[in-house]
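A.B. asks: Just my_file-v1.cif, nothing more (mmCIF, C-alpha atoms):
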data_coords
loop_
_atom_site.label_atom_id
_atom_site.label_comp_id
_atom_site.auth_asym_id
_atom_site.auth_seq_id
_atom_site.Cartn_x
_atom_site.Cartn_y
_atom_site.Cartn_z
CA MET V 1 250.93 232.47 14.62
CA ASN V 2 252.53 230.56 17.30
CA ILE V 3 253.35 232.21 20.56
CA ILE V 4 255.59 230.15 22.72
CA ARG V 5 255.16 231.21 26.28
CA TYR V 6 258.40 230.02 27.64
CA GLN V 7 261.17 227.64 27.11
CA ASN V 8 261.92 225.44 29.97
CA GLN V 9 265.39 225.72 31.32
CA GLY V 10 265.05 223.17 34.07
CA SER V 11 265.11 219.56 33.05
CA SER V 12 263.15 217.70 35.67
CA ASP V 13 259.49 216.86 35.20
CA LEU V 14 258.69 218.61 38.42
CA ALA V 15 260.32 221.83 37.23
CA LYS V 16 258.32 221.60 34.02
CA ALA V 17 255.10 221.12 35.96
CA PHE V 18 255.85 224.19 38.06
CA ASP V 19 256.60 226.19 34.95
CA ARG V 20 253.24 225.32 33.52
CA PHE V 21 251.53 226.62 36.63
CA ALA V 22 253.50 229.83 36.41
CA VAL V 23 252.57 230.43 32.80
CA LEU V 24 248.94 229.58 33.41
CA ARG V 25 248.85 232.00 36.29
CA GLY V 26 250.35 234.78 34.20
CA GLU V 27 247.66 234.20 31.61
CA LEU V 28 244.86 234.14 34.15
CA ASP V 29 246.04 237.34 35.81
CA ARG V 30 245.85 239.10 32.50
CA LEU V 31 242.63 237.46 31.40
CA PHE V 32 240.62 238.44 34.44
CA ASP V 33 242.17 241.84 35.05
CA SER V 34 241.10 241.18 38.58
CA SER V 35 241.19 243.92 41.16
CA PHE V 36 242.51 241.39 43.62
CA ALA V 37 245.43 240.15 41.61
CA PRO V 38 248.06 242.42 43.21
CA VAL V 39 246.59 241.77 46.64
CA PHE V 40 247.08 238.04 46.35
CA ARG V 41 250.17 238.20 44.31
CA THR V 42 253.38 237.20 45.91
CA PRO V 43 256.25 235.94 43.84
CA ASP V 44 256.44 232.30 44.80
CA SER V 45 257.41 229.03 43.23
CA PHE V 46 254.21 228.92 41.18
CA SER V 47 254.75 232.29 39.60
CA ARG V 48 257.42 233.60 37.40
CA TRP V 49 257.80 236.68 35.33
CA VAL V 50 255.94 236.41 32.03
CA PRO V 51 256.28 239.86 30.45
CA ALA V 52 253.32 241.00 28.36
CA LEU V 53 254.05 240.93 24.65
CA ASP V 54 252.33 242.25 21.51
CA VAL V 55 252.90 241.49 17.84
CA TYR V 56 251.87 243.95 15.12
CA GLN V 57 252.10 243.61 11.38
CA ASP V 58 251.89 245.93 8.42
CA LYS V 59 252.82 245.21 4.82
CA ASP V 60 256.52 245.86 5.31
CA GLN V 61 257.33 244.76 8.82
CA PHE V 62 256.47 243.11 12.12
CA THR V 63 256.76 244.98 15.39
CA VAL V 64 257.11 243.09 18.64
CA VAL V 65 256.49 245.07 21.80
CA ALA V 66 257.28 243.79 25.30
CA GLU V 67 256.73 245.38 28.70
CA LEU V 68 260.04 245.08 30.49
CA PRO V 69 260.16 247.76 33.16
CA GLY V 70 263.30 248.30 35.17
CA LEU V 71 265.94 246.60 33.07
CA LYS V 72 269.26 247.78 31.82
CA LYS V 73 269.81 247.71 28.08
CA GLU V 74 272.70 245.32 28.50
CA ASP V 75 270.53 242.87 30.44
CA ILE V 76 268.20 242.29 27.49
CA GLU V 77 269.11 239.56 25.00
CA LEU V 78 267.53 239.23 21.60
CA SER V 79 267.98 236.44 19.13
CA LEU V 80 266.44 235.51 15.81
CA HIS V 81 266.74 231.94 14.71
CA ASP V 82 264.71 230.17 12.01
CA GLY V 83 262.04 232.87 12.14
CA VAL V 84 261.70 232.66 15.92
CA LEU V 85 262.41 235.83 17.86
CA THR V 86 263.48 235.19 21.43
CA ILE V 87 263.60 237.91 24.05
CA SER V 88 265.30 236.98 27.27
CA GLY V 89 267.22 238.56 30.08
CA GLU V 90 267.41 239.14 33.72
CA ARG V 91 266.01 241.74 36.04
CA LYS V 92 268.13 242.42 39.04
CA GLN V 93 266.77 243.70 42.29
CA GLU V 94 267.58 247.37 42.89
CA LYS V 95 268.78 246.78 46.38
CA LYS V 96 268.89 243.52 48.20
CA GLY V 97 268.30 244.57 51.74
CA GLU V 98 265.86 243.75 54.43
CA GLU V 99 262.65 241.95 53.76
CA GLY V 100 260.24 244.42 52.18
CA TYR V 101 256.84 245.25 53.54
CA ARG V 102 255.24 244.40 50.24
CA SER V 103 256.71 242.51 47.32
CA GLU V 104 254.65 242.09 44.21
CA ARG V 105 257.36 242.48 41.61
CA PHE V 106 259.33 239.72 39.98
CA PHE V 107 263.06 239.49 39.64
CA GLY V 108 265.29 237.03 37.88
CA ARG V 109 265.36 235.55 34.43
CA PHE V 110 262.61 235.65 31.85
CA GLN V 111 262.27 234.38 28.32
CA ARG V 112 259.64 234.67 25.63
CA SER V 113 259.66 233.51 22.03
CA VAL V 114 257.55 234.45 19.04
CA THR V 115 257.39 232.52 15.79
CA LEU V 116 256.93 235.04 13.01
CA PRO V 117 254.47 233.98 10.32
CA THR V 118 256.64 234.97 7.36
CA GLY V 119 260.30 235.49 6.68
CA VAL V 120 262.11 238.51 8.03
CA ASP V 121 265.38 240.09 7.04
CA GLY V 122 267.60 239.33 9.99
CA ASN V 123 270.14 242.00 9.05
CA LYS V 124 267.63 244.82 9.31
CA VAL V 125 266.13 244.09 12.71
CA LYS V 126 266.14 247.12 14.99
CA ALA V 127 265.38 247.28 18.68
CA THR V 128 264.79 250.19 21.03
CA TYR V 129 264.23 250.26 24.78
CA GLN V 130 262.50 253.27 26.25
CA ASP V 131 260.34 253.87 29.33
CA GLY V 132 260.54 250.16 30.12
CA ILE V 133 259.10 249.13 26.75
CA LEU V 134 261.14 247.04 24.34
CA LYS V 135 260.22 247.52 20.70
CA VAL V 136 261.67 245.26 18.03
CA VAL V 137 261.03 246.12 14.38
CA LEU V 138 261.56 243.22 11.98
CA PRO V 139 261.34 244.13 8.28
CA LYS V 140 259.87 241.39 6.14
CA ALA V 141 262.11 239.64 3.68
CA GLU V 142 261.56 240.80 0.09
CA GLU V 143 260.05 237.49 -0.97
CA ALA V 144 257.58 237.60 1.90
CA LYS V 145 256.09 240.99 1.01
CA PRO V 146 252.78 241.02 -0.79
CA LYS V 147 253.19 241.57 -4.51
CA GLN V 148 250.92 242.85 -7.16
CA ILE V 149 250.93 240.60 -10.17
CA GLU V 150 249.78 241.92 -13.46
CA VAL V 151 247.67 239.53 -15.41
CA SER V 152 247.72 240.07 -19.08
CA VAL V 153 244.85 238.61 -20.95
CA GLY V 154 245.74 237.69 -24.41
CA MET U 155 246.17 242.98 37.40
CA ASN U 156 243.94 245.59 38.30
CA ILE U 157 241.11 247.65 37.34
CA VAL U 158 240.30 250.30 39.81
CA SER U 159 237.67 252.77 38.90
CA GLN U 160 236.77 254.62 41.96
CA GLU U 161 236.67 258.21 43.11
CA HIS U 162 233.00 258.65 42.34
CA GLN U 163 231.28 257.03 45.27
CA LYS U 164 233.31 259.18 47.63
CA SER U 165 232.00 262.52 46.51
CA GLY U 166 228.55 261.18 45.70
CA GLN U 167 228.42 262.88 42.36
CA GLN U 168 227.54 261.23 39.11
CA PRO U 169 230.51 259.93 37.23
CA THR U 170 231.10 262.11 34.25
CA GLU U 171 233.70 259.97 32.65
CA GLN U 172 234.67 256.54 33.81
CA VAL U 173 238.38 255.99 33.54
CA THR U 174 239.75 252.50 33.77
CA TYR U 175 243.11 252.10 35.42
CA ALA U 176 245.48 249.22 35.86
CA ALA U 177 247.08 248.75 39.25
CA PRO U 178 250.84 248.64 38.93
CA TYR U 179 252.86 246.04 40.78
CA VAL U 180 254.52 247.65 43.76
CA ASP U 181 257.31 246.83 46.20
CA ILE U 182 257.65 248.75 49.44
CA GLU U 183 260.77 248.53 51.54
CA PRO U 184 261.97 250.22 54.68
CA ALA U 185 264.70 252.76 54.00
CA GLU U 186 267.08 254.77 56.13
CA SER U 187 264.64 257.39 57.27
CA GLY U 188 261.32 256.10 55.99
CA TYR U 189 260.20 253.94 53.11
CA VAL U 190 260.93 253.51 49.46
CA LEU U 191 258.17 252.47 47.10
CA ARG U 192 258.78 251.15 43.59
CA ALA U 193 255.95 250.81 41.09
CA GLU U 194 256.12 249.19 37.65
CA MET U 195 254.70 251.54 35.07
CA PRO U 196 256.00 250.52 31.65
CA GLY U 197 255.26 253.08 28.96
CA VAL U 198 255.16 256.03 31.35
CA ASN U 199 257.70 258.84 31.26
CA ARG U 200 258.15 261.71 33.69
CA ASN U 201 255.47 263.82 32.02
CA GLY U 202 252.85 261.16 32.68
CA ILE U 203 253.41 260.93 36.42
CA GLN U 204 251.10 262.58 38.87
CA ILE U 205 251.63 262.11 42.59
CA THR U 206 249.25 263.71 45.05
CA VAL U 207 248.59 263.55 48.76
CA GLU U 208 245.00 264.11 49.72
CA ASP U 209 243.12 263.21 52.91
CA GLY U 210 246.11 261.29 54.16
CA ASN U 211 246.24 259.18 51.01
CA LEU U 212 249.12 258.93 48.63
CA VAL U 213 247.76 258.73 45.10
CA LEU U 214 250.05 257.54 42.32
CA VAL U 215 248.90 258.00 38.73
CA GLY U 216 250.89 257.19 35.61
CA GLN U 217 249.64 258.01 32.16
CA GLN U 218 251.13 255.90 29.38
CA GLN U 219 252.55 257.46 26.27
CA PRO U 220 250.61 256.15 23.27
CA LEU U 221 252.38 253.22 21.71
CA SER U 222 253.68 254.11 18.28
CA VAL U 223 253.44 251.01 16.14
CA SER U 224 252.22 250.59 12.62
CA GLY U 225 249.85 247.98 11.38
CA GLU U 226 247.31 245.68 12.97
CA ALA U 227 247.76 243.66 16.12
CA LEU U 228 248.23 239.97 15.50
CA HIS U 229 248.55 239.27 19.17
CA ARG U 230 248.08 241.58 22.12
CA GLU U 231 248.72 241.18 25.82
CA THR U 232 249.65 244.70 26.93
CA ARG U 233 246.71 246.60 28.32
CA GLN U 234 247.89 250.09 27.44
CA LEU U 235 245.96 251.61 30.31
CA SER U 236 246.95 254.31 32.72
CA TYR U 237 248.12 253.17 36.12
CA ARG U 238 246.73 254.16 39.47
CA ARG U 239 247.32 253.05 43.02
CA VAL U 240 246.31 254.61 46.31
CA TYR U 241 248.03 254.09 49.65
CA GLU U 242 247.04 255.26 53.06
CA LEU U 243 249.94 257.39 54.16
CA ASP U 244 251.64 256.66 57.45
CA PRO U 245 251.03 259.84 59.52
CA SER U 246 254.70 260.00 60.42
CA ILE U 247 255.62 260.64 56.78
CA ASP U 248 256.48 264.20 55.92
CA ALA U 249 254.24 264.96 52.94
CA ASP U 250 256.38 267.94 51.98
CA ARG U 251 259.47 265.84 51.55
CA ILE U 252 258.17 263.14 49.25
CA SER U 253 260.44 262.82 46.25
CA ALA U 254 260.08 260.66 43.15
CA ARG U 255 261.73 259.76 39.88
CA ILE U 256 260.98 257.40 37.02
CA ASP U 257 263.50 255.38 35.09
CA GLN U 258 262.70 252.76 32.43
CA GLY U 259 259.14 252.42 33.66
CA ILE U 260 259.96 252.07 37.35
CA LEU U 261 258.56 254.83 39.52
CA THR U 262 260.57 255.22 42.72
CA VAL U 263 258.98 257.23 45.53
CA ASN U 264 260.98 258.17 48.62
CA LEU U 265 258.89 258.66 51.72
CA GLN U 266 260.70 260.20 54.64
CA LYS U 267 259.61 260.41 58.21
CA ALA U 268 259.14 263.88 59.66
CA GLU U 269 262.14 265.13 61.59
CA ASN U 270 260.26 265.73 64.80
CA LEU U 271 259.02 262.16 64.83
CA LYS U 272 262.40 260.56 64.77
CA PRO U 273 263.45 259.23 68.15
CA ARG U 274 265.59 261.73 69.97
CA ARG U 275 267.31 261.96 73.23
CA ILE U 276 265.98 264.38 75.76
CA THR U 277 268.49 265.76 78.16
CA LEU U 278 267.41 266.60 81.66
CA GLU U 279 267.69 270.13 82.86
#
Please render this file's structure as structure tokens.
C.D. replies:
Amino acid sequence: MNIIRYQNQGSSDLAKAFDRFAVLRGELDRLFDSSFAPVFRTPDSFSRWVPALDVYQDKDQFTVVAELPGLKKEDIELSLHDGVLTISGERKQEKKGEEGYRSERFFGRFQRSVTLPTGVDGNKVKATYQDGILKVVLPKAEEAKPKQIEVSVG
Amino acid sequence: MNIVSQEHQKSGQQPTEQVTYAAPYVDIEPAESGYVLRAEMPGVNRNGIQITVEDGNLVLVGQQQPLSVSGEALHRETRQLSYRRVYELDPSIDADRISARIDQGILTVNLQKAENLKPRRITLE
């Protein structure tokens, strides 16, 4: 399976380089589960929001789960194209006021894509958003489901 | 992101059960009459929230609802842990007037300053 971390929206090489730092940092934060991560974390040009994402599979369907706290349903965009599910959107700040005492949270646009290993039926995809968790259920296409084949020996 | 497993060294007793928590990301802003704190706790609903004030500390705990998905994980990044974060409470905050709500995984806590600590004008006799 191929998990694409992000798709670059900027075009310059510099922007791309910064994006790579941001993605790397998101990965490292998760990898180390460090107690210090929030302490040192300030949203800056090297960081961007990389929401955590899971992919599950059973014989009939894939389920993609993403942690997207604090969004409005209408601010989440989902697309399925050539077997690639893309989740994107924007998180708006609750109140843009004075400078906060502490800011660890990210705001702005995010995007994540997942290439699904087998075909899915695009017409039957269902998504729910509850308690800040997005859950997308993608039923497998009939031809992609495992089949039992009877072998007759004769 | 954060693993905080504490609580035991304070009382000196043997840990009976070690619970691993994740520290949620938090923003704190000044508000009209105090502060507003917002913590990211995806997967937590109102039943999973526990807010306590003890020894001048504000303790925020959020227990995640179990994720209901079928099948095996092909790829996993979510930690599916409970959240916990402790803040030393500004003594001017009125502990009896702390209010909170949770909406789409964002816990909002309103901390208001005690009335008698607000600046007030004293008139001379």
A.B. asks: Give me, please, the distance in Å between atom CA of U:Val190 and atom CA of V:Tyr101, quoted to one decimal.
C.D. replies: 10.1 Å
A.B. asks: Can you give me, as a ChimeraX atom specification, the residues this file yields under the PyMOL selection byres ((chain U) within 7 of (chain V))?
C.D. replies: /U:155-158,179-184,194-199,223-232,257-260
A.B. asks: Please compute the atom CA of V:Arg48-atom CA of U:Val173 distance, one decimal, in Å.
C.D. replies: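 Here the two named atoms are 29.6 Å from each other.
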A.B. asks: Atom CA of V:Leu85 and atom CA of V:Lys126, how far apart in Å?
C.D. replies: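 Atom-to-atom, atom CA of V:Lys126 and atom CA of V:Leu85 are spaced 12.2 Å apart.
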A.B. asks: Nearest to V:Asp121 among V:Leu80, V:Leu24, V:Ile87, V:Ile149, with distances taken over only C-alpha atoms: which residue is it?
C.D. replies: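 The closest residue to V:Asp121 is V:Leu80.
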A.B. asks: Run the PyMOL selection byres ((chain U and resi 237) around 8) on the file and write out the hits as a PDB file with C-alpha atoms, in the frame of the given file.
C.D. replies:
ATOM      1  CA  TYR U 175     243.110 252.100  35.420  1.00  0.00           C
ATOM      2  CA  ALA U 176     245.480 249.220  35.860  1.00  0.00           C
ATOM      3  CA  ALA U 177     247.080 248.750  39.250  1.00  0.00           C
ATOM      4  CA  PRO U 178     250.840 248.640  38.930  1.00  0.00           C
ATOM      5  CA  MET U 195     254.700 251.540  35.070  1.00  0.00           C
ATOM      6  CA  LEU U 214     250.050 257.540  42.320  1.00  0.00           C
ATOM      7  CA  VAL U 215     248.900 258.000  38.730  1.00  0.00           C
ATOM      8  CA  GLY U 216     250.890 257.190  35.610  1.00  0.00           C
ATOM      9  CA  GLN U 217     249.640 258.010  32.160  1.00  0.00           C
ATOM     10  CA  GLN U 218     251.130 255.900  29.380  1.00  0.00           C
ATOM     11  CA  LEU U 235     245.960 251.610  30.310  1.00  0.00           C
ATOM     12  CA  SER U 236     246.950 254.310  32.720  1.00  0.00           C
ATOM     13  CA  ARG U 238     246.730 254.160  39.470  1.00  0.00           C
ATOM     14  CA  ARG U 239     247.320 253.050  43.020  1.00  0.00           C
TER      15      ARG U 239
END
A.B. asks: Name the residues that the PyMOL selection byres ((chain U and resi 263-266) around 7) pulls out of this structure, and write them as a compact mmCIF listing (two decimals) with C-alpha atoms, in the frame of the given file.
C.D. replies:
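Now in selection.txt:
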# COMPACT_ATOMS: atom_id res chain seq x y z
CA SER U 187 264.64 257.39 57.27
CA GLY U 188 261.32 256.10 55.99
CA TYR U 189 260.20 253.94 53.11
CA VAL U 190 260.93 253.51 49.46
CA LEU U 191 258.17 252.47 47.10
CA ARG U 192 258.78 251.15 43.59
CA ILE U 247 255.62 260.64 56.78
CA ASP U 248 256.48 264.20 55.92
CA ARG U 251 259.47 265.84 51.55
CA ILE U 252 258.17 263.14 49.25
CA SER U 253 260.44 262.82 46.25
CA ALA U 254 260.08 260.66 43.15
CA ARG U 255 261.73 259.76 39.88
CA LEU U 261 258.56 254.83 39.52
CA THR U 262 260.57 255.22 42.72
CA LYS U 267 259.61 260.41 58.21
CA ALA U 268 259.14 263.88 59.66
A.B. asks: Return as lines of an AutoDock Vina configuration file the box centre and box size in Å, one decimal, for an axis-aligned box around all listed atoms of stretch 79-88 of chain V padded by 8 Å per side.
C.D. replies:
center_x = 264.8
center_y = 234.0
center_z = 19.6
size_x = 22.3
size_y = 23.7
size_z = 31.3
A.B. asks: Do you know which residues are at most 9 Å from U:Val213 counting all atoms listed in the file, after dropping those on the same chain fewer than 3 positions away, and could you put them as a list in words?
C.D. replies: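 The filter keeps Gln204, Ile205, Thr206, Val207, Glu208, Arg238, Arg239, Val240, Tyr241 and Glu242 of chain U.
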A.B. asks: Extract, using all atoms listed in the file, all DNA, RNA and protein residues at most 7 Å from U:Leu243, discarding same-chain residues fewer than 4 positions from it, and format them as an MDAnalysis selection string.
C.D. replies: chainID U and resid 210:212
